[in-house]
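Undergrad: Input structure: final_2.txt, which contains compact mmCIF, C-alpha atoms.
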```txt
# COMPACT_ATOMS: atom_id res chain seq x y z
CA MET S 1 119.61 79.46 93.24
CA TYR S 2 120.72 79.82 96.84
CA ILE S 3 123.83 80.64 98.87
CA LYS S 4 125.45 77.94 100.99
CA GLU S 5 128.39 80.01 102.17
CA MET S 6 129.91 83.45 101.72
CA VAL S 7 133.14 85.10 102.80
CA ILE S 8 133.31 88.89 103.03
CA SER S 9 136.92 90.04 102.91
CA GLU S 10 135.99 93.71 103.17
CA TYR S 11 132.71 95.62 103.03
CA LYS S 12 132.04 98.59 105.31
CA ILE S 13 132.51 97.31 108.91
CA LEU S 14 132.61 93.65 107.81
CA ASN S 15 136.08 92.12 107.46
CA ASP S 16 137.08 88.47 107.11
CA LEU S 17 133.52 87.42 107.94
CA LYS S 18 132.37 83.93 107.00
CA ILE S 19 128.65 83.19 106.90
CA GLN S 20 127.02 79.78 106.45
CA LEU S 21 123.37 79.72 105.39
CA GLN S 22 120.65 77.08 105.38
CA PRO S 23 119.41 76.19 101.88
CA PRO S 24 115.81 75.40 100.99
CA LYS S 25 115.11 71.69 100.73
CA THR S 26 111.50 70.85 99.99
CA GLN S 27 110.05 74.26 100.83
CA ASN S 28 111.00 77.88 101.55
CA THR S 29 113.70 78.33 104.20
CA VAL S 30 114.30 81.37 106.41
CA ASN S 31 117.74 82.38 107.70
CA VAL S 32 117.54 85.01 110.45
CA ILE S 33 120.48 87.36 111.04
CA ALA S 34 120.26 89.03 114.47
CA GLY S 35 122.44 91.26 116.58
CA ILE S 36 122.57 94.62 118.29
CA ASN S 37 122.98 97.89 116.36
CA GLY S 38 126.40 98.34 114.81
CA THR S 39 127.06 94.68 114.08
CA GLY S 40 126.55 95.01 110.33
CA LYS S 41 123.24 93.25 109.68
CA THR S 42 122.15 95.70 106.99
CA SER S 43 125.69 95.80 105.58
CA LEU S 44 125.58 92.02 105.26
CA LEU S 45 122.38 92.15 103.18
CA GLU S 46 123.78 94.99 101.06
CA SER S 47 126.97 93.02 100.43
CA ILE S 48 124.93 90.08 99.12
CA VAL S 49 122.96 92.29 96.74
CA LYS S 50 126.02 94.18 95.48
CA GLY S 51 128.11 91.03 95.32
CA LEU S 52 125.53 89.25 93.17
CA ALA S 53 125.03 92.38 91.06
CA GLY S 54 128.76 92.53 90.41
CA THR S 55 129.27 95.98 91.93
CA ILE S 56 131.63 94.58 94.57
CA SER S 57 134.90 93.03 93.52
CA PRO S 58 134.99 89.19 93.77
CA GLU S 59 138.12 89.75 95.85
CA ASN S 60 135.97 91.36 98.54
CA ILE S 61 133.12 88.87 98.59
CA HIS S 62 133.09 85.21 97.59
CA PHE S 63 129.99 83.02 97.27
CA ILE S 64 129.53 79.27 97.30
CA PHE S 65 126.15 78.36 95.79
CA ASP S 66 124.08 75.21 95.57
CA GLU S 67 125.40 72.39 93.39
CA GLU S 68 123.30 73.22 90.32
CA THR S 69 124.25 76.91 90.37
CA GLU S 70 127.93 76.06 90.92
CA LYS S 71 127.84 73.89 87.77
CA LYS S 72 126.49 76.83 85.78
CA ARG S 73 129.05 79.10 87.37
CA HIS S 74 131.86 76.70 86.48
CA LYS S 75 130.79 76.83 82.84
CA ASN S 76 130.37 80.61 82.84
CA THR S 77 133.47 81.35 84.97
CA ASP S 78 132.09 84.54 86.58
CA LEU S 79 128.94 86.00 88.12
CA GLN S 80 128.29 88.33 85.19
CA LYS S 81 127.95 85.43 82.75
CA LEU S 82 126.01 83.47 85.35
CA ARG S 83 123.50 86.32 85.63
CA GLU S 84 123.21 86.52 81.85
CA SER S 85 122.52 82.78 81.63
CA PHE S 86 119.65 83.14 84.12
CA GLU S 87 118.21 86.15 82.30
CA LYS S 88 118.05 84.17 79.05
CA MET S 89 115.87 81.49 80.64
CA ASN S 90 112.34 81.39 79.24
CA GLY S 91 109.47 82.18 81.59
CA GLN S 92 109.69 84.61 84.48
CA SER S 93 108.16 82.21 86.99
CA ILE S 94 111.01 79.70 86.71
CA SER S 95 113.82 82.24 86.64
CA PRO S 96 115.73 82.70 89.91
CA LYS S 97 115.89 86.22 91.25
CA VAL S 98 117.49 88.21 94.02
CA ILE S 99 114.83 90.31 95.76
CA TYR S 100 115.88 92.92 98.30
CA ILE S 101 113.35 94.63 100.58
CA ALA S 102 115.19 97.28 102.56
CA SER S 103 114.00 98.67 105.89
CA TYR S 104 112.05 101.91 105.78
CA LEU S 105 110.83 104.83 107.83
CA ILE S 106 107.06 105.30 108.10
CA ASP S 107 106.01 107.68 105.36
CA VAL S 108 102.84 109.50 104.40
CA PHE S 109 100.59 107.42 102.16
CA MET S 110 100.95 108.51 98.53
CA PRO S 111 99.34 106.39 95.78
CA VAL S 112 101.83 105.01 93.28
CA THR S 113 100.49 103.12 90.29
CA GLN S 114 103.46 101.42 88.74
CA LEU S 115 105.05 98.02 89.00
CA ASP S 116 107.87 96.59 86.95
CA LEU S 117 107.15 92.93 86.27
CA GLU S 118 109.84 92.47 83.63
CA TYR S 119 112.44 89.89 84.58
CA HIS S 120 115.47 91.24 86.44
CA PHE S 121 118.10 89.14 88.18
CA ILE S 122 118.34 91.76 90.95
CA ASN S 123 115.04 93.24 92.19
CA GLN S 124 115.10 95.96 94.83
CA LEU S 125 111.73 97.04 96.20
CA GLU S 126 111.93 100.67 97.28
CA SER S 127 110.41 100.43 100.73
CA VAL S 128 109.51 104.11 101.00
CA LYS S 129 107.12 103.61 98.09
CA ILE S 130 105.60 100.36 99.29
CA LEU S 131 102.78 102.02 101.22
CA GLY S 132 101.70 103.73 98.02
CA ASN S 133 102.30 100.66 95.89
CA ALA S 134 100.18 98.46 98.16
CA GLU S 135 96.89 99.57 96.64
CA TYR S 136 98.11 98.94 93.11
CA TYR S 137 99.65 95.58 94.06
CA ILE S 138 96.44 94.35 95.66
CA ARG S 139 94.31 95.36 92.68
CA GLU S 140 96.69 93.72 90.21
CA TYR S 141 96.86 90.55 92.29
CA ILE S 142 93.05 90.21 92.37
CA LEU S 143 92.65 90.95 88.66
CA ALA S 144 95.42 88.50 87.72
CA HIS S 145 93.79 85.80 89.86
CA GLU S 146 90.46 86.46 88.14
CA ARG S 147 92.04 86.14 84.68
CA ASN S 148 93.42 82.72 85.59
CA SER S 149 90.13 81.45 87.03
CA TYR S 150 87.82 78.99 85.23
CA GLU S 151 84.77 80.33 87.10
CA ALA S 152 82.20 81.69 84.60
CA ASP S 153 80.27 83.88 87.05
CA PRO S 154 82.18 87.19 87.37
CA VAL S 155 80.89 87.83 90.90
CA LYS S 156 82.01 84.38 92.08
CA ARG S 157 85.29 84.84 90.25
CA THR S 158 86.02 88.04 92.16
CA ARG S 159 84.92 86.49 95.44
CA GLU S 160 87.22 83.53 94.84
CA ALA S 161 90.18 85.84 94.18
CA ILE S 162 89.49 87.93 97.30
CA ASP S 163 89.13 84.84 99.50
CA HIS S 164 92.42 83.53 98.16
CA PHE S 165 94.09 86.86 98.96
CA ASN S 166 92.68 86.99 102.51
CA GLN S 167 93.92 83.46 103.26
CA TYR S 168 97.49 84.73 103.43
CA PHE S 169 96.58 87.06 106.29
CA GLN S 170 94.30 84.83 108.38
CA GLU S 171 96.83 84.09 111.10
CA ALA S 172 97.62 87.81 111.45
CA ASN S 173 94.10 88.33 112.82
CA LEU S 174 93.92 91.82 111.33
CA LEU S 175 91.11 94.18 112.25
CA THR S 176 90.26 94.59 108.56
CA GLN S 177 89.96 92.41 105.49
CA LEU S 178 89.64 92.94 101.76
CA VAL S 179 86.01 92.69 100.60
CA ASP S 180 85.87 94.09 97.06
CA LEU S 181 87.30 96.22 94.28
CA ASP S 182 85.46 99.47 93.69
CA GLY S 183 84.57 99.39 89.98
CA LYS S 184 83.37 103.00 90.08
CA HIS S 185 86.75 104.25 91.30
CA PHE S 186 89.35 102.49 89.14
CA ASN S 187 88.99 99.18 91.02
CA ARG S 188 90.41 100.59 94.25
CA PRO S 189 90.61 97.89 96.96
CA VAL S 190 87.86 98.19 99.54
CA PHE S 191 88.34 96.94 103.08
CA LYS S 192 85.86 96.24 105.85
CA GLN S 193 86.46 96.45 109.57
CA LYS S 194 85.63 93.22 111.34
CA GLY S 195 82.43 93.44 113.33
CA SER S 196 81.35 96.52 111.39
CA ASP S 197 79.72 97.38 108.06
CA MET S 198 82.05 100.33 107.57
CA LEU S 199 83.93 100.23 104.25
CA ILE S 200 87.30 101.96 104.05
CA SER S 201 90.14 102.47 101.55
CA ILE S 202 93.74 101.50 102.16
CA ASP S 203 94.82 105.01 103.20
CA CYS S 204 92.54 104.64 106.26
CA LEU S 205 94.37 101.55 107.49
CA SER S 206 97.01 101.67 110.20
CA ASP S 207 100.69 101.96 109.27
CA GLY S 208 101.17 98.38 110.42
CA GLU S 209 98.38 97.02 108.23
CA ARG S 210 99.60 98.91 105.17
CA GLN S 211 103.11 97.67 105.88
CA LEU S 212 101.85 94.10 106.13
CA TYR S 213 99.71 94.27 102.99
CA GLY S 214 102.23 96.22 100.92
CA LEU S 215 105.34 94.13 101.55
CA ILE S 216 103.61 90.78 101.31
CA VAL S 217 101.54 91.54 98.21
CA ALA S 218 104.61 92.98 96.48
CA LEU S 219 106.27 89.60 96.93
CA MET S 220 103.12 87.74 95.92
CA ILE S 221 103.05 89.70 92.64
CA LEU S 222 106.67 88.77 91.86
CA ASN S 223 105.85 85.09 92.59
CA PRO S 224 109.48 84.07 93.17
CA SER S 225 110.82 80.54 93.01
CA ASP S 226 114.34 79.16 93.52
CA SER S 227 115.29 82.69 94.52
CA ILE S 228 117.17 84.59 97.21
CA ILE S 229 114.93 87.02 99.13
CA LEU S 230 116.60 89.54 101.44
CA ILE S 231 114.47 91.43 103.96
CA ASP S 232 115.80 94.06 106.34
CA GLU S 233 113.87 94.62 109.59
CA PRO S 234 110.43 93.26 108.59
CA GLU S 235 109.21 94.05 112.11
CA LEU S 236 109.12 97.84 111.60
CA ALA S 237 105.67 99.34 112.35
CA LEU S 238 104.27 95.91 113.21
CA HIS S 239 102.52 94.96 116.45
CA PRO S 240 104.51 92.30 118.40
CA ALA S 241 101.79 89.73 117.63
CA TRP S 242 102.26 90.37 113.90
CA GLN S 243 106.03 90.17 114.27
CA GLN S 244 105.59 86.62 115.50
CA ILE S 245 103.84 85.52 112.31
CA ILE S 246 105.29 87.79 109.61
CA LEU S 247 107.90 85.25 108.46
CA SER S 248 105.31 82.49 108.47
CA ILE S 249 103.27 84.54 106.00
CA TYR S 250 106.30 85.28 103.84
CA THR S 251 107.26 81.62 103.60
CA LYS S 252 103.89 80.73 102.07
CA ILE S 253 104.81 82.77 98.98
CA GLY S 254 106.49 81.04 96.05
CA GLN S 255 108.53 77.85 96.17
CA ASN S 256 112.01 76.78 97.14
CA ASN S 257 113.12 80.29 98.10
CA GLN S 258 115.97 81.16 100.46
CA PHE S 259 114.94 84.01 102.76
CA ILE S 260 117.70 85.93 104.52
CA VAL S 261 116.23 88.27 107.13
CA ALA S 262 117.99 90.84 109.33
CA THR S 263 116.11 91.67 112.53
CA HIS S 264 116.19 93.10 116.05
CA SER S 265 112.86 91.49 116.95
CA PRO S 266 112.87 89.00 119.86
CA GLN S 267 109.46 87.83 118.58
CA ILE S 268 110.94 86.84 115.21
CA ILE S 269 113.96 85.24 116.87
CA ALA S 270 111.72 83.21 119.19
CA LYS S 271 109.82 81.79 116.22
CA THR S 272 112.96 80.79 114.29
CA PRO S 273 114.44 77.26 114.57
CA ILE S 274 117.83 77.35 116.27
CA ASN S 275 119.61 75.96 113.17
CA ASN S 276 118.39 78.93 111.13
CA LEU S 277 119.70 81.62 113.51
CA ILE S 278 122.93 83.56 113.01
CA PHE S 279 124.04 86.22 115.50
CA LEU S 280 126.51 88.92 114.61
CA ARG S 281 128.66 90.40 117.36
CA LYS S 282 131.87 92.36 117.73
CA ASN S 283 134.75 90.22 118.97
CA PRO S 284 136.03 91.91 122.18
CA ILE S 285 139.66 91.18 121.27
CA SER S 286 139.93 91.60 117.48
CA GLN S 287 137.04 94.12 117.34
CA LYS S 288 135.93 92.41 114.12
CA ILE S 289 132.34 91.37 113.48
CA GLU S 290 131.95 87.61 113.76
CA ALA S 291 129.11 85.16 113.21
CA ILE S 292 127.85 83.04 116.10
CA TYR S 293 125.72 79.93 115.50
CA PRO S 294 123.78 79.00 118.65
CA LYS S 295 124.18 75.35 119.59
CA GLN S 296 121.13 75.26 121.80
CA PRO S 297 117.96 77.29 122.30
CA PRO S 298 117.84 79.95 125.06
CA SER S 299 116.76 78.81 128.52
CA GLY S 300 113.30 80.13 127.67
CA ILE S 301 111.50 81.44 124.60
CA ASP S 302 110.33 84.46 126.57
CA ILE S 303 111.54 87.85 125.41
CA ASN S 304 113.76 88.37 128.49
CA SER S 305 115.74 85.17 127.91
CA ILE S 306 116.29 85.96 124.25
CA LEU S 307 117.39 89.52 124.93
CA SER S 308 119.86 88.56 127.65
CA GLU S 309 121.29 85.33 126.20
CA PHE S 310 121.28 86.03 122.46
CA MET S 311 121.24 89.81 122.07
CA GLY S 312 123.49 90.66 125.03
CA VAL S 313 120.99 93.11 126.44
CA ASP S 314 120.18 93.55 130.13
CA PHE S 315 116.42 93.19 130.03
CA ILE S 316 116.07 94.64 133.54
CA PRO S 317 116.96 98.36 133.52
CA LYS S 318 120.17 99.19 135.35
CA GLU S 319 118.42 101.42 137.89
CA GLN S 320 116.00 98.59 138.72
CA VAL S 321 118.91 96.21 139.27
CA GLU S 322 120.43 98.71 141.71
CA LEU S 323 117.14 98.93 143.63
CA HIS S 324 117.07 95.12 143.81
CA HIS S 325 120.57 95.06 145.28
CA LYS S 326 119.70 97.69 147.89
CA TYR S 327 116.47 96.02 148.97
CA ARG S 328 118.12 92.59 149.11
CA ALA S 329 120.78 94.03 151.45
CA PHE S 330 118.05 95.32 153.80
CA VAL S 331 116.29 91.92 153.77
CA GLU S 332 119.50 90.02 154.49
CA LYS S 333 120.25 92.38 157.41
CA HIS S 334 116.68 91.93 158.74
CA GLN S 335 116.02 95.64 158.13
CA ASP S 336 113.22 95.29 155.57
CA ASN S 337 110.78 97.11 157.90
CA SER S 338 112.93 100.23 158.04
CA CYS S 339 111.66 103.43 156.41
CA GLU S 340 114.47 103.40 153.85
CA ALA S 341 113.76 99.76 152.89
CA LYS S 342 110.05 100.51 152.48
CA LYS S 343 110.85 103.49 150.23
CA ILE S 344 113.07 101.30 148.03
CA LYS S 345 110.41 98.58 147.92
CA GLN S 346 107.84 101.15 146.82
CA LYS S 347 110.11 102.30 143.98
CA ILE S 348 110.54 98.68 142.89
CA LEU S 349 106.78 98.15 142.86
CA GLU S 350 106.34 101.15 140.56
CA ARG S 351 107.85 99.03 137.80
CA GLU S 352 107.01 95.46 138.74
CA SER S 353 104.29 93.67 140.62
CA ASN S 354 104.49 92.22 144.11
CA THR S 355 104.39 88.77 142.50
CA SER S 356 107.44 89.31 140.27
CA GLU S 357 110.25 86.76 140.46
CA PHE S 358 112.42 89.08 142.55
CA MET S 359 109.67 90.06 145.01
CA GLN S 360 108.64 86.44 145.48
CA GLU S 361 112.25 85.58 146.27
CA MET S 362 112.41 88.36 148.87
CA GLN S 363 109.13 87.22 150.44
CA PHE S 364 110.49 83.68 150.60
CA LEU S 365 113.67 84.87 152.40
CA ILE S 366 111.56 86.82 154.91
CA GLN S 367 109.34 83.80 155.56
CA LEU S 368 112.36 81.56 156.13
CA ARG S 369 113.71 84.04 158.64
CA GLU S 370 110.43 84.22 160.55
CA GLU S 371 109.90 80.47 160.84
```
Take the structure in this file and express it as structure tokens.
TA:
Amino acid sequence: MYIKEMVISEYKILNDLKIQLQPPKTQNTVNVIAGINGTGKTSLLESIVKGLAGTISPENIHFIFDEETEKKRHKNTDLQKLRESFEKMNGQSISPKVIYIASYLIDVFMPVTQLDLEYHFINQLESVKILGNAEYYIREYILAHERNSYEADPVKRTREAIDHFNQYFQEANLLTQLVDLDGKHFNRPVFKQKGSDMLISIDCLSDGERQLYGLIVALMILNPSDSIILIDEPELALHPAWQQIILSIYTKIGQNNQFIVATHSPQIIAKTPINNLIFLRKNPISQKIEAIYPKQPPSGIDINSILSEFMGVDFIPKEQVELHHKYRAFVEKHQDNSCEAKKIKQKILERESNTSEFMQEMQFLIQLREE
């Protein structure tokens, strides 16, 4: 099941908003919703969850699904009966789901040893518990992989499961990796720091590593297929290098899933194909939130280009821009050797190098004048 189009008549700050989404074709597909704060990215994800759960009136949100789902919907007339028809399907692995991973604030690690694997049409992972759940998820994933293995040697069977687990995180180039389950302590996952023999438990990992392990393994355990997966701000607590690859890791999980991701991260935006990007912004005239579909990539995939062209953010601080204007005026008046000009130049160089684009331009103007 996936969404081709939705119209939100009214939900929080979203009014008369039409969204078109890319469906999965032969593999998982990621739709990235971006925009500055206050443009309703989280509200959009919430409206999808509540709309599919039936807690929002169909008058306020209308979905158009893929052809197969629309046929079922036509027979069942409404979303409630459509959900019931999915829930009666045999086998969890083939049943479509809606999985919602909300954004979270970094919390203190507290072990939580519970996981609901019963089939639910709507699945919301409570992000504040994910750090605690991570340890349990990892253990269950390894043990489940072992149970499905044909390897007779138990040591090799465990090693095979751990290697399979670590494959998902290879491109993240983490400083640690899973090496074993501690049989003397309830099969707690044991990690090893690269380049060291030191063994550590998950509560000794960084917030970013626990975030990465917890969210991804939670999805691996659910093993979704033909499902809608909503993720709000997956970049939180992650190093920029991990932000670049987080969606790549997600899309290796399950089959034929439609990911809908809300983000502020220029790194995630830069890694997303232009056809899969949707930007939310407030219309300056109507003041309503509207969806913008970029027709061409930004002039560069660098963070500055993305921030200025797509996010509407001045990537150079306002005070730095003012210093540029002042120094340029001195250069154009041939007064760049004055005390005041030198003071301004020194302030500029406190934030950027002498080889920055602006400083090179000024040096070029001075050279032209002297020739």
Undergrad: Please, which residues in range 218-260 of chain S fall within 12 Å of range 165-168 of chain S when counting only C-alpha atoms, and what is the closest atom pair and distance in Å to one decimal for each, ordered by chain then residue number, as a Markdown table?
TA:
```
| residue | atom | partner | partner_atom | distance |
| --- | --- | --- | --- | --- |
| S:Leu219 | CA | S:Tyr168 | CA | 12.0 |
| S:Met220 | CA | S:Phe165 | CA | 9.6 |
| S:Ile221 | CA | S:Phe165 | CA | 11.3 |
| S:Ile245 | CA | S:Tyr168 | CA | 10.9 |
| S:Ile246 | CA | S:Tyr168 | CA | 10.4 |
| S:Leu247 | CA | S:Tyr168 | CA | 11.6 |
| S:Ser248 | CA | S:Tyr168 | CA | 9.6 |
| S:Ile249 | CA | S:Tyr168 | CA | 6.3 |
| S:Tyr250 | CA | S:Tyr168 | CA | 8.8 |
| S:Thr251 | CA | S:Tyr168 | CA | 10.3 |
| S:Lys252 | CA | S:Tyr168 | CA | 7.7 |
| S:Ile253 | CA | S:Tyr168 | CA | 8.8 |
```
Undergrad: Can you work out the spacing between CA of Tyr100 in chain S and CA of Asp66 in chain S in Å, to one decimal?
TA: 19.7 Å
Undergrad: Near Leu230 in chain S, within 12 Å and counting only C-alpha atoms, which residues show up once chain neighbours fewer than 5 positions away are dropped, as number ranges by chain?
TA: S: 2-3, 29-33, 41-49, 97-103, 122-125, 219, 247, 250, 257-263
Undergrad: Would you compute the distance between CA of Lys288 in chain S and CA of Phe65 in chain S? Give it in Å to one decimal.
TA: 25.1 Å
Undergrad: Rank nothing, just name the residue among S:Ala341, S:Leu323, S:Ile56, S:Leu277 nearest to Phe358 in chain S, using all atoms listed in the file.
TA: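 Closest candidate: S:Leu323.
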Undergrad: Take CA of Ala218 in chain S and CA of Asn133 in chain S and report the distance between them in Å, one decimal.
TA: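 Distance between the two atoms: 8.0 Å.
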Undergrad: What's around range 136-147 of chain S at 7 Å? Count only C-alpha atoms, leave out sequence neighbours fewer than 5 positions away in its own chain, and write the answer as a VMD selection string.
TA: chain S and resid 113 157 to 158 161 to 162 187 to 189 217 to 218 221
Undergrad: Just checking: using all atoms listed in the file, which residue out of S:Trp242, S:Gly214, S:Ser227, S:Glu290 ends up closest to Ile13 in chain S?
TA: S:Glu290
Undergrad: Nearest to Glu5 in chain S among S:Glu70, S:Leu280, S:Gly35, S:Leu236, with distances taken over only C-alpha atoms: which residue is it?
TA: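 Between S:Glu70, S:Leu280, S:Gly35, S:Leu236, the residue approaching Glu5 in chain S most closely is S:Glu70.
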Undergrad: Env of Glu332 in chain S: 10 Å cut, atoms = only C-alpha atoms, seq-sep filter 6 positions within chain, self excluded. Answer as a list in words.
TA: Met362, Leu365, Ile366 and Arg369 of chain S
Undergrad: Find, counting all atoms listed in the file, the residue in S:Lys194, S:His239, S:Lys347, S:Lys50 that gets nearest to Ile268 in chain S.
TA: S:His239
Undergrad: Could you tell me which of S:Ser338, S:Gln296, S:Thr176, S:Gln170 comes closest to Ser201 in chain S if we count all atoms listed in the file?
TA: S:Thr176
